[in-house]
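Next comes upload_24.cif, with mmCIF, C-alpha atoms and all ligand atoms.
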data_coords
loop_
_atom_site.group_PDB
_atom_site.id
_atom_site.type_symbol
_atom_site.label_atom_id
_atom_site.label_comp_id
_atom_site.auth_asym_id
_atom_site.auth_seq_id
_atom_site.Cartn_x
_atom_site.Cartn_y
_atom_site.Cartn_z
ATOM 1 C CA MET A 1 11.860 10.508 -1.247
ATOM 2 C CA ARG A 2 11.371 8.009 -4.014
ATOM 3 C CA LEU A 3 7.943 6.421 -4.273
ATOM 4 C CA GLU A 4 7.266 3.312 -6.306
ATOM 5 C CA PHE A 5 3.929 1.615 -6.851
ATOM 6 C CA PHE A 6 4.665 -2.032 -6.143
ATOM 7 C CA GLY A 7 1.114 -2.884 -7.147
ATOM 8 C CA CYS A 8 -2.177 -1.064 -7.661
ATOM 9 C CA GLY A 9 -4.658 -3.908 -8.108
ATOM 10 C CA THR A 10 -7.532 -4.935 -5.903
ATOM 11 C CA SER A 11 -7.584 -8.121 -3.790
ATOM 12 C CA GLN A 12 -7.947 -10.411 -6.824
ATOM 13 C CA GLY A 13 -5.447 -8.527 -8.979
ATOM 14 C CA VAL A 14 -5.909 -7.743 -12.685
ATOM 15 C CA PRO A 15 -6.282 -9.837 -14.798
ATOM 16 C CA GLU A 16 -8.667 -11.858 -12.688
ATOM 17 C CA ILE A 17 -8.487 -15.625 -12.900
ATOM 18 C CA LEU A 18 -10.504 -16.943 -15.866
ATOM 19 C CA CYS A 19 -11.857 -13.534 -16.915
ATOM 20 C CA ASP A 20 -11.861 -12.696 -20.613
ATOM 21 C CA CYS A 21 -13.105 -9.096 -20.377
ATOM 22 C CA LYS A 22 -11.323 -6.409 -22.404
ATOM 23 C CA VAL A 23 -9.293 -5.240 -19.395
ATOM 24 C CA CYS A 24 -8.160 -8.706 -18.313
ATOM 25 C CA THR A 25 -7.140 -9.555 -21.890
ATOM 26 C CA SER A 26 -5.557 -6.157 -22.642
ATOM 27 C CA ILE A 27 -1.970 -6.269 -23.918
ATOM 28 C CA ASP A 28 -1.207 -2.886 -22.287
ATOM 29 C CA GLU A 29 1.220 -3.552 -19.407
ATOM 30 C CA ASN A 30 -0.534 -0.789 -17.444
ATOM 31 C CA ASP A 31 -3.687 -2.918 -17.342
ATOM 32 C CA LYS A 32 -1.857 -5.598 -15.344
ATOM 33 C CA ARG A 33 -2.145 -4.851 -11.662
ATOM 34 C CA LEU A 34 -0.568 -6.818 -8.813
ATOM 35 C CA ARG A 35 -1.994 -6.426 -5.320
ATOM 36 C CA SER A 36 -1.664 -2.920 -3.795
ATOM 37 C CA SER A 37 1.523 -1.880 -2.045
ATOM 38 C CA ILE A 38 4.026 0.977 -2.159
ATOM 39 C CA TYR A 39 7.776 1.097 -1.714
ATOM 40 C CA VAL A 40 9.261 4.328 -0.336
ATOM 41 C CA LYS A 41 12.994 4.926 -0.383
ATOM 42 C CA HIS A 42 14.596 7.768 1.542
ATOM 43 C CA ASN A 43 18.354 8.025 1.209
ATOM 44 C CA ASP A 44 19.328 4.368 1.668
ATOM 45 C CA PHE A 45 16.371 3.440 3.852
ATOM 46 C CA ASN A 46 13.738 1.178 2.290
ATOM 47 C CA ILE A 47 10.155 1.015 3.544
ATOM 48 C CA VAL A 48 7.383 -1.185 2.177
ATOM 49 C CA VAL A 49 3.736 -0.563 3.028
ATOM 50 C CA ASP A 50 1.872 -3.895 2.987
ATOM 51 C CA ILE A 51 3.418 -7.199 1.981
ATOM 52 C CA THR A 52 1.061 -8.599 -0.618
ATOM 53 C CA PRO A 53 0.743 -12.156 -1.956
ATOM 54 C CA ASP A 54 2.637 -10.725 -4.977
ATOM 55 C CA PHE A 55 5.552 -9.414 -2.877
ATOM 56 C CA ARG A 56 8.079 -11.851 -4.324
ATOM 57 C CA GLU A 57 7.212 -10.876 -7.879
ATOM 58 C CA GLN A 58 7.225 -7.186 -6.955
ATOM 59 C CA CYS A 59 10.729 -7.505 -5.467
ATOM 60 C CA LEU A 60 11.995 -9.297 -8.566
ATOM 61 C CA ARG A 61 10.526 -6.684 -10.891
ATOM 62 C CA SER A 62 11.720 -3.668 -8.905
ATOM 63 C CA LYS A 63 15.070 -5.124 -7.832
ATOM 64 C CA ILE A 64 14.498 -3.720 -4.344
ATOM 65 C CA PRO A 65 17.860 -3.878 -2.546
ATOM 66 C CA MET A 66 16.578 -4.265 1.030
ATOM 67 C CA VAL A 67 13.554 -3.969 3.302
ATOM 68 C CA ASP A 68 14.475 -1.882 6.347
ATOM 69 C CA ALA A 69 10.949 -1.436 7.722
ATOM 70 C CA ILE A 70 7.475 -2.777 7.005
ATOM 71 C CA PHE A 71 4.223 -0.953 7.699
ATOM 72 C CA LEU A 72 0.857 -2.709 7.459
ATOM 73 C CA THR A 73 -2.421 -0.929 6.779
ATOM 74 C CA HIS A 74 -4.621 -3.840 7.884
ATOM 75 C CA LEU A 75 -4.832 -7.609 7.846
ATOM 76 C CA HIS A 76 -6.900 -8.435 4.798
ATOM 77 C CA ALA A 77 -5.165 -11.209 2.873
ATOM 78 C CA ASP A 78 -4.200 -8.973 -0.058
ATOM 79 C CA HIS A 79 -2.174 -6.742 2.293
ATOM 80 C CA PHE A 80 0.003 -9.107 4.294
ATOM 81 C CA MET A 81 0.016 -12.654 2.963
ATOM 82 C CA GLY A 82 3.406 -12.351 1.263
ATOM 83 C CA MET A 83 5.209 -12.019 4.602
ATOM 84 C CA ASP A 84 7.032 -15.327 4.289
ATOM 85 C CA ASP A 85 9.115 -13.924 1.451
ATOM 86 C CA ILE A 86 10.910 -11.335 3.554
ATOM 87 C CA ARG A 87 13.240 -14.177 4.626
ATOM 88 C CA LYS A 88 15.722 -13.354 1.927
ATOM 89 C CA PHE A 89 16.173 -9.850 3.341
ATOM 90 C CA ASN A 90 16.697 -11.280 6.839
ATOM 91 C CA LYS A 91 19.418 -13.449 5.409
ATOM 92 C CA ILE A 92 21.204 -10.612 3.611
ATOM 93 C CA LYS A 93 20.849 -8.271 6.582
ATOM 94 C CA ASP A 94 21.420 -10.995 9.202
ATOM 95 C CA ALA A 95 18.925 -9.223 11.450
ATOM 96 C CA ASP A 96 15.232 -9.010 12.249
ATOM 97 C CA ILE A 97 13.198 -6.611 10.133
ATOM 98 C CA PRO A 98 11.069 -4.113 12.073
ATOM 99 C CA LEU A 99 7.346 -4.520 11.515
ATOM 100 C CA TYR A 100 5.178 -1.501 12.386
ATOM 101 C CA LEU A 101 1.753 -2.891 13.162
ATOM 102 C CA PRO A 102 -1.353 -1.067 14.435
ATOM 103 C CA HIS A 103 -1.731 -2.371 17.998
ATOM 104 C CA LEU A 104 -5.350 -3.439 17.487
ATOM 105 C CA MET A 105 -4.161 -5.972 14.888
ATOM 106 C CA GLU A 106 -1.566 -7.723 17.059
ATOM 107 C CA ASP A 107 -3.621 -10.788 18.024
ATOM 108 C CA ASP A 108 -4.751 -11.454 14.464
ATOM 109 C CA PHE A 109 -1.211 -11.062 13.131
ATOM 110 C CA ARG A 110 0.175 -13.476 15.721
ATOM 111 C CA ALA A 111 -2.563 -15.990 14.885
ATOM 112 C CA VAL A 112 -1.335 -16.202 11.284
ATOM 113 C CA PHE A 113 2.392 -15.403 11.366
ATOM 114 C CA HIS A 114 3.271 -16.511 14.927
ATOM 115 C CA TYR A 115 6.520 -18.119 13.720
ATOM 116 C CA THR A 116 7.913 -14.813 12.430
ATOM 117 C CA LEU A 117 8.013 -13.403 15.973
ATOM 118 C CA LYS A 118 9.551 -16.350 17.792
ATOM 119 C CA GLU A 119 13.130 -16.697 18.848
ATOM 120 C CA GLN A 120 15.441 -17.720 16.063
ATOM 121 C CA ILE A 121 16.158 -21.448 15.889
ATOM 122 C CA PRO A 122 19.488 -22.257 14.197
ATOM 123 C CA GLY A 123 19.006 -24.208 11.001
ATOM 124 C CA LEU A 124 15.478 -22.952 10.282
ATOM 125 C CA PHE A 125 15.077 -20.540 7.396
ATOM 126 C CA ARG A 126 12.107 -18.472 8.411
ATOM 127 C CA PRO A 127 11.146 -14.797 8.377
ATOM 128 C CA ARG A 128 12.216 -12.796 11.420
ATOM 129 C CA LEU A 129 10.337 -9.683 12.446
ATOM 130 C CA SER A 130 10.730 -7.324 15.382
ATOM 131 C CA LEU A 131 7.310 -6.083 16.341
ATOM 132 C CA ASN A 132 6.664 -2.374 16.907
ATOM 133 C CA LEU A 133 3.062 -1.695 17.895
ATOM 134 C CA ILE A 134 1.820 1.665 16.710
ATOM 135 C CA ASP A 135 -1.227 3.839 17.083
ATOM 136 C CA GLU A 136 -1.034 7.414 15.791
ATOM 137 C CA ASP A 137 2.365 8.662 16.952
ATOM 138 C CA PRO A 138 4.803 9.525 14.169
ATOM 139 C CA ILE A 139 7.968 7.473 13.688
ATOM 140 C CA MET A 140 11.216 9.096 12.550
ATOM 141 C CA PHE A 141 13.679 7.432 10.200
ATOM 142 C CA GLY A 142 16.491 9.965 10.025
ATOM 143 C CA GLU A 143 14.952 13.022 8.377
ATOM 144 C CA MET A 144 11.838 11.199 7.237
ATOM 145 C CA LYS A 145 8.676 11.158 9.335
ATOM 146 C CA VAL A 146 5.982 8.483 8.962
ATOM 147 C CA THR A 147 2.644 9.271 10.598
ATOM 148 C CA PRO A 148 -0.001 6.545 10.999
ATOM 149 C CA LEU A 149 -3.469 7.900 10.194
ATOM 150 C CA LYS A 150 -6.564 6.408 11.764
ATOM 151 C CA VAL A 151 -9.115 5.882 8.954
ATOM 152 C CA LEU A 152 -12.160 3.665 8.435
ATOM 153 C CA HIS A 153 -12.398 0.737 6.004
ATOM 154 C CA GLY A 154 -16.220 0.722 6.127
ATOM 155 C CA ASP A 155 -17.621 -2.485 7.645
ATOM 156 C CA SER A 156 -14.067 -3.771 8.214
ATOM 157 C CA GLY A 157 -13.543 -1.037 10.818
ATOM 158 C CA GLU A 158 -10.510 0.996 11.749
ATOM 159 C CA ILE A 159 -7.315 0.607 9.747
ATOM 160 C CA ARG A 160 -4.241 2.782 9.194
ATOM 161 C CA SER A 161 -3.161 4.930 6.314
ATOM 162 C CA TYR A 162 0.292 6.534 6.289
ATOM 163 C CA LEU A 163 1.738 9.973 5.690
ATOM 164 C CA PHE A 164 5.401 10.211 4.623
ATOM 165 C CA GLU A 165 7.148 13.553 5.093
ATOM 166 C CA SER A 166 10.637 14.695 4.258
ATOM 167 C CA ASP A 167 12.271 17.893 3.022
ATOM 168 C CA GLY A 168 8.909 19.690 3.174
ATOM 169 C CA LYS A 169 7.286 17.119 0.847
ATOM 170 C CA ARG A 170 4.332 14.946 1.854
ATOM 171 C CA ILE A 171 2.994 11.680 0.423
ATOM 172 C CA ALA A 172 -0.284 10.274 1.793
ATOM 173 C CA TYR A 173 -1.141 6.603 1.142
ATOM 174 C CA LEU A 174 -4.784 5.727 1.757
ATOM 175 C CA THR A 175 -5.763 2.351 0.395
ATOM 176 C CA ASP A 176 -8.907 0.449 1.490
ATOM 177 C CA CYS A 177 -10.258 3.614 3.050
ATOM 178 C CA LYS A 178 -13.927 4.629 3.054
ATOM 179 C CA VAL A 179 -13.992 7.432 5.622
ATOM 180 C CA ILE A 180 -11.237 9.905 6.495
ATOM 181 C CA PRO A 181 -11.865 11.342 9.976
ATOM 182 C CA ASP A 182 -11.173 15.058 10.510
ATOM 183 C CA LYS A 183 -7.874 14.489 12.306
ATOM 184 C CA ALA A 184 -6.395 12.478 9.427
ATOM 185 C CA MET A 185 -7.818 14.898 6.859
ATOM 186 C CA SER A 186 -6.169 17.866 8.576
ATOM 187 C CA LEU A 187 -2.784 16.094 8.372
ATOM 188 C CA ILE A 188 -2.975 15.264 4.668
ATOM 189 C CA LYS A 189 -4.676 18.415 3.356
ATOM 190 C CA ASP A 190 -2.766 20.055 0.462
ATOM 191 C CA CYS A 191 -0.085 17.336 0.423
ATOM 192 C CA ASP A 192 2.115 16.783 -2.623
ATOM 193 C CA ILE A 193 0.925 13.272 -3.513
ATOM 194 C CA ALA A 194 -2.283 11.599 -2.361
ATOM 195 C CA ILE A 195 -2.774 7.919 -3.195
ATOM 196 C CA LEU A 196 -6.387 6.867 -2.858
ATOM 197 C CA GLY A 197 -8.202 3.583 -3.369
ATOM 198 C CA ALA A 198 -10.766 3.469 -6.190
ATOM 199 C CA LEU A 199 -12.369 0.166 -7.139
ATOM 200 C CA TRP A 200 -14.294 0.782 -10.343
ATOM 201 C CA ASP A 201 -15.697 3.307 -12.747
ATOM 202 C CA LYS A 202 -19.299 2.433 -11.850
ATOM 203 C CA ASP A 203 -21.733 4.237 -9.619
ATOM 204 C CA TRP A 204 -22.077 1.157 -7.391
ATOM 205 C CA ASP A 205 -21.333 1.780 -3.752
ATOM 206 C CA HIS A 206 -19.074 -0.624 -1.826
ATOM 207 C CA SER A 207 -19.187 -0.798 1.960
ATOM 208 C CA GLY A 208 -15.391 -0.655 2.365
ATOM 209 C CA HIS A 209 -14.016 1.202 -0.650
ATOM 210 C CA TRP A 210 -14.569 4.247 -2.840
ATOM 211 C CA ASN A 211 -15.671 4.020 -6.431
ATOM 212 C CA LEU A 212 -13.909 6.275 -8.938
ATOM 213 C CA GLN A 213 -16.338 9.181 -8.581
ATOM 214 C CA GLN A 214 -16.151 9.069 -4.794
ATOM 215 C CA ALA A 215 -12.339 8.958 -4.943
ATOM 216 C CA ILE A 216 -12.333 11.989 -7.257
ATOM 217 C CA GLU A 217 -14.447 13.883 -4.713
ATOM 218 C CA VAL A 218 -12.084 12.899 -1.891
ATOM 219 C CA ALA A 219 -9.106 13.963 -4.021
ATOM 220 C CA LYS A 220 -10.732 17.390 -4.463
ATOM 221 C CA GLU A 221 -11.177 17.727 -0.727
ATOM 222 C CA ILE A 222 -7.570 16.741 0.042
ATOM 223 C CA ASN A 223 -6.381 19.089 -2.691
ATOM 224 C CA ALA A 224 -3.045 17.362 -3.249
ATOM 225 C CA LYS A 225 -0.794 18.630 -6.032
ATOM 226 C CA GLN A 226 -1.305 15.229 -7.667
ATOM 227 C CA SER A 227 -3.580 12.316 -6.741
ATOM 228 C CA TYR A 228 -3.196 8.716 -7.891
ATOM 229 C CA PHE A 229 -5.810 5.996 -7.651
ATOM 230 C CA THR A 230 -4.927 2.465 -6.582
ATOM 231 C CA HIS A 231 -6.565 -0.833 -5.464
ATOM 232 C CA ILE A 232 -8.218 -0.984 -8.886
ATOM 233 C CA THR A 233 -10.446 -3.785 -10.255
ATOM 234 C CA HIS A 234 -10.931 -4.821 -13.872
ATOM 235 C CA LEU A 235 -14.251 -2.932 -13.689
ATOM 236 C CA MET A 236 -12.316 0.357 -13.784
ATOM 237 C CA GLY A 237 -11.950 -0.006 -17.559
ATOM 238 C CA LEU A 238 -8.826 0.315 -19.681
ATOM 239 C CA HIS A 239 -6.012 2.292 -18.040
ATOM 240 C CA LYS A 240 -5.453 4.543 -21.028
ATOM 241 C CA GLU A 241 -9.135 5.331 -21.627
ATOM 242 C CA VAL A 242 -9.868 6.125 -17.984
ATOM 243 C CA ASN A 243 -6.742 8.239 -17.527
ATOM 244 C CA ASN A 244 -7.673 10.364 -20.538
ATOM 245 C CA LYS A 245 -10.956 11.430 -18.998
ATOM 246 C CA LEU A 246 -9.878 12.037 -15.400
ATOM 247 C CA PRO A 247 -9.875 15.587 -13.990
ATOM 248 C CA LYS A 248 -6.635 17.547 -13.863
ATOM 249 C CA HIS A 249 -4.163 16.412 -11.193
ATOM 250 C CA THR A 250 -5.743 12.948 -10.888
ATOM 251 C CA GLN A 251 -4.468 9.767 -12.562
ATOM 252 C CA LEU A 252 -4.728 6.012 -12.204
ATOM 253 C CA ALA A 253 -1.519 4.560 -10.810
ATOM 254 C CA HIS A 254 0.149 1.711 -12.649
ATOM 255 C CA ASP A 255 2.478 -0.993 -11.389
ATOM 256 C CA GLY A 256 6.107 0.126 -11.403
ATOM 257 C CA LEU A 257 5.255 3.845 -11.531
ATOM 258 C CA VAL A 258 8.081 5.793 -9.828
ATOM 259 C CA ILE A 259 7.834 9.326 -8.470
ATOM 260 C CA ASN A 260 10.799 11.239 -7.081
ATOM 261 C CA LEU A 261 10.025 14.005 -4.640
HETATM 262 ZN ZN ZN B 301 -7.361 -4.553 -0.056
HETATM 263 ZN ZN ZN B 302 -11.836 -9.035 -16.323
HETATM 264 ZN ZN ZN B 303 -9.111 -4.373 2.935
#

Before anything else, please render the file you have as structure tokens.
Amino acid sequence: MRLEFFGCGTSQGVPEILCDCKVCTSIDENDKRLRSSIYVKHNDFNIVVDITPDFREQCLRSKIPMVDAIFLTHLHADHFMGMDDIRKFNKIKDADIPLYLPHLMEDDFRAVFHYTLKEQIPGLFRPRLSLNLIDEDPIMFGEMKVTPLKVLHGDSGEIRSYLFESDGKRIAYLTDCKVIPDKAMSLIKDCDIAILGALWDKDWDHSGHWNLQQAIEVAKEINAKQSYFTHITHLMGLHKEVNNKLPKHTQLAHDGLVINL
């Protein structure tokens, strides 16, 4: 498996509009964070988790050759509002692209992107998705298994995280998560890579997300070989400074980071 961080910023991205703090004005490329998403490639099969408002820019930067399947964690704007830009991949593929959507989100998805699920009308250039409603059952793509994990996004309720497994390696992606129920925890325990949301290096609590200290505690409990933090705000501090003080086997992710497993 090849994992790439498409983006590791929070809903507003970093830099934030009109902010002149030291993080938003940093010249370090690692302090620039597009909205959170990952791209997982297994053999020639390309999966994207969440289609952010920055999806177009992420595709251009990463030169992604195709999108063969899309998984969504939940329907906050920062996780699915780039959906219109999958059109180009429909055109190249000349086929619908499978969307794996937690079943409890179907009505809300249809309310926003109804036109992506309608029958193709010749002459219209619009995104085309084939809808696959999921709950917790794993989905196989050749040798790779993707397991949806039921987790809680605080006040925003139940969402999905995802576990990717192939060749005995496991990658767990948990963004916008506040509580990991026992069932999900048992599936991701001791995995190779855990990707966890962490908003800021402050002791403020947020109803739907972990702060850095909370994410470090969760990383300890999961006990992955390596944990990366994502969904980061400018209040995290400078990438380099924070990374230097993090415990062993934990790091901030940065946009474009690639890991081969
Ligand atoms: Zn989010
Ligand atoms: Zn700022
Ligand atoms: Zn969210």

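With all atoms listed in the file taken into account, the protein and nucleic acid residues at most 10 Å from Lys220 in chain A (excluding it and anything under 5 positions from it in its own chain) are Lys189, Asp190, Gln214, Ala215, Ser227, Pro247, His249 and Thr250 of chain A.
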
Using all atoms listed in the file, collect all residues at a distance of at most 12 Å from (14.3, 4.6, -1.5) as written in the file, then present them as a PDB file with C-alpha atoms, keeping the file's coordinate frame.
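Full text of point_3.pdb as output:
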ATOM      1  CA  MET A   1      11.860  10.508  -1.247  1.00  0.00           C
ATOM      2  CA  ARG A   2      11.371   8.009  -4.014  1.00  0.00           C
ATOM      3  CA  LEU A   3       7.943   6.421  -4.273  1.00  0.00           C
ATOM      4  CA  GLU A   4       7.266   3.312  -6.306  1.00  0.00           C
ATOM      5  CA  ILE A  38       4.026   0.977  -2.159  1.00  0.00           C
ATOM      6  CA  TYR A  39       7.776   1.097  -1.714  1.00  0.00           C
ATOM      7  CA  VAL A  40       9.261   4.328  -0.336  1.00  0.00           C
ATOM      8  CA  LYS A  41      12.994   4.926  -0.383  1.00  0.00           C
ATOM      9  CA  HIS A  42      14.596   7.768   1.542  1.00  0.00           C
ATOM     10  CA  ASN A  43      18.354   8.025   1.209  1.00  0.00           C
ATOM     11  CA  ASP A  44      19.328   4.368   1.668  1.00  0.00           C
ATOM     12  CA  PHE A  45      16.371   3.440   3.852  1.00  0.00           C
ATOM     13  CA  ASN A  46      13.738   1.178   2.290  1.00  0.00           C
ATOM     14  CA  ILE A  47      10.155   1.015   3.544  1.00  0.00           C
ATOM     15  CA  VAL A  48       7.383  -1.185   2.177  1.00  0.00           C
ATOM     16  CA  SER A  62      11.720  -3.668  -8.905  1.00  0.00           C
ATOM     17  CA  LYS A  63      15.070  -5.124  -7.832  1.00  0.00           C
ATOM     18  CA  ILE A  64      14.498  -3.720  -4.344  1.00  0.00           C
ATOM     19  CA  PRO A  65      17.860  -3.878  -2.546  1.00  0.00           C
ATOM     20  CA  MET A  66      16.578  -4.265   1.030  1.00  0.00           C
ATOM     21  CA  VAL A  67      13.554  -3.969   3.302  1.00  0.00           C
ATOM     22  CA  ASP A  68      14.475  -1.882   6.347  1.00  0.00           C
ATOM     23  CA  ALA A  69      10.949  -1.436   7.722  1.00  0.00           C
ATOM     24  CA  MET A 144      11.838  11.199   7.237  1.00  0.00           C
ATOM     25  CA  VAL A 258       8.081   5.793  -9.828  1.00  0.00           C
ATOM     26  CA  ILE A 259       7.834   9.326  -8.470  1.00  0.00           C
ATOM     27  CA  ASN A 260      10.799  11.239  -7.081  1.00  0.00           C
ATOM     28  CA  LEU A 261      10.025  14.005  -4.640  1.00  0.00           C
TER      29      LEU A 261
END

Query raised in the report: When the PyMOL selection byres (((not hetatm)) within 9 of (chain B and resi 302)) is applied to the file above, which residues end up in the set, as a PyMOL selection string?
Result: chain A and resi 14-25+233-235

Query raised in the report: If the PyMOL selection byres (((not hetatm)) within 8 of (chain B and resi 303)) is run on the structure shown, which residues does it catch, given as a list in words?
Result: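 After applying the PyMOL selection byres (((not hetatm)) within 8 of (chain B and resi 303)), what remains is Ser11, His74, Leu75, His76, Ala77, Asp78, His79, His153, Ser156, Thr175, Asp176 and Gly208 of chain A.
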
Can you check which parts of chain A lie within 12 Å of ligand ZN 301 (chain B)? Per residue, the shortest pair of atoms and distance in Å to one decimal, counting all atoms listed in the file, sorted by chain and number, as CSV.
residue,atom,partner,partner_atom,distance
A:Gly7,CA,B:ZN301,ZN,11.2
A:Cys8,CA,B:ZN301,ZN,9.8
A:Gly9,CA,B:ZN301,ZN,8.5
A:Thr10,CA,B:ZN301,ZN,5.9
A:Ser11,CA,B:ZN301,ZN,5.2
A:Gln12,CA,B:ZN301,ZN,9.0
A:Gly13,CA,B:ZN301,ZN,10.0
A:Leu34,CA,B:ZN301,ZN,11.3
A:Arg35,CA,B:ZN301,ZN,7.7
A:Ser36,CA,B:ZN301,ZN,7.0
A:Ser37,CA,B:ZN301,ZN,9.5
A:Asp50,CA,B:ZN301,ZN,9.7
A:Ile51,CA,B:ZN301,ZN,11.3
A:Thr52,CA,B:ZN301,ZN,9.4
A:Pro53,CA,B:ZN301,ZN,11.3
A:Leu72,CA,B:ZN301,ZN,11.3
A:Thr73,CA,B:ZN301,ZN,9.2
A:His74,CA,B:ZN301,ZN,8.4
A:Leu75,CA,B:ZN301,ZN,8.8
A:His76,CA,B:ZN301,ZN,6.2
A:Ala77,CA,B:ZN301,ZN,7.6
A:Asp78,CA,B:ZN301,ZN,5.4
A:His79,CA,B:ZN301,ZN,6.1
A:Phe80,CA,B:ZN301,ZN,9.7
A:Met81,CA,B:ZN301,ZN,11.4
A:His153,CA,B:ZN301,ZN,9.5
A:Ser156,CA,B:ZN301,ZN,10.7
A:Ile159,CA,B:ZN301,ZN,11.1
A:Leu174,CA,B:ZN301,ZN,10.8
A:Thr175,CA,B:ZN301,ZN,7.1
A:Asp176,CA,B:ZN301,ZN,5.5
A:Cys177,CA,B:ZN301,ZN,9.2
A:Lys178,CA,B:ZN301,ZN,11.7
A:Leu196,CA,B:ZN301,ZN,11.8
A:Gly197,CA,B:ZN301,ZN,8.8
A:Ala198,CA,B:ZN301,ZN,10.7
A:Leu199,CA,B:ZN301,ZN,9.9
A:Gly208,CA,B:ZN301,ZN,9.2
A:His209,CA,B:ZN301,ZN,8.8
A:Trp210,CA,B:ZN301,ZN,11.7
A:Thr230,CA,B:ZN301,ZN,9.9
A:His231,CA,B:ZN301,ZN,6.6
A:Ile232,CA,B:ZN301,ZN,9.6
A:Thr233,CA,B:ZN301,ZN,10.7

Report task. Find, counting all atoms listed in the file, the residue in A:Glu29, A:Asp137, A:Asp54, A:Glu119 that gets nearest to Asp84 in chain A. Result -> A:Asp54

Query raised in the report: What is the CA of Gly256 in chain A-CA of Leu60 in chain A distance in Å, reported with one decimal?
Result: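 Those two atoms sit 11.5 Å apart.
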
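Excluding Lys118 in chain A itself and same-chain residues fewer than 3 positions from it, the residues having an atom within 12 Å of it are Asp96, Arg110, Phe113, His114, Tyr115, Ile121, Leu124, Arg126, Pro127, Arg128, Leu129, Ser130 and Leu131 of chain A, counting only C-alpha atoms.
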
Report summary line: Counting all atoms listed in the file, the residue among A:Glu221, A:Asp155, A:Pro138, A:Asp201 that lies closest to Asn243 in chain A is A:Asp201

Query - Residue contacts of Ile188 in chain A (8 Å, all atoms listed in the file) excluding same-chain residues fewer than 3 positions away, as a VMD selection string - result: chain A and resid 163 170 172 184 to 185 191 194 222

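Comparing A:Lys145, A:Lys240, A:Lys245, A:Lys202 by their smallest distance to Asp28 in chain A, the closest is A:Lys240 (using all atoms listed in the file).
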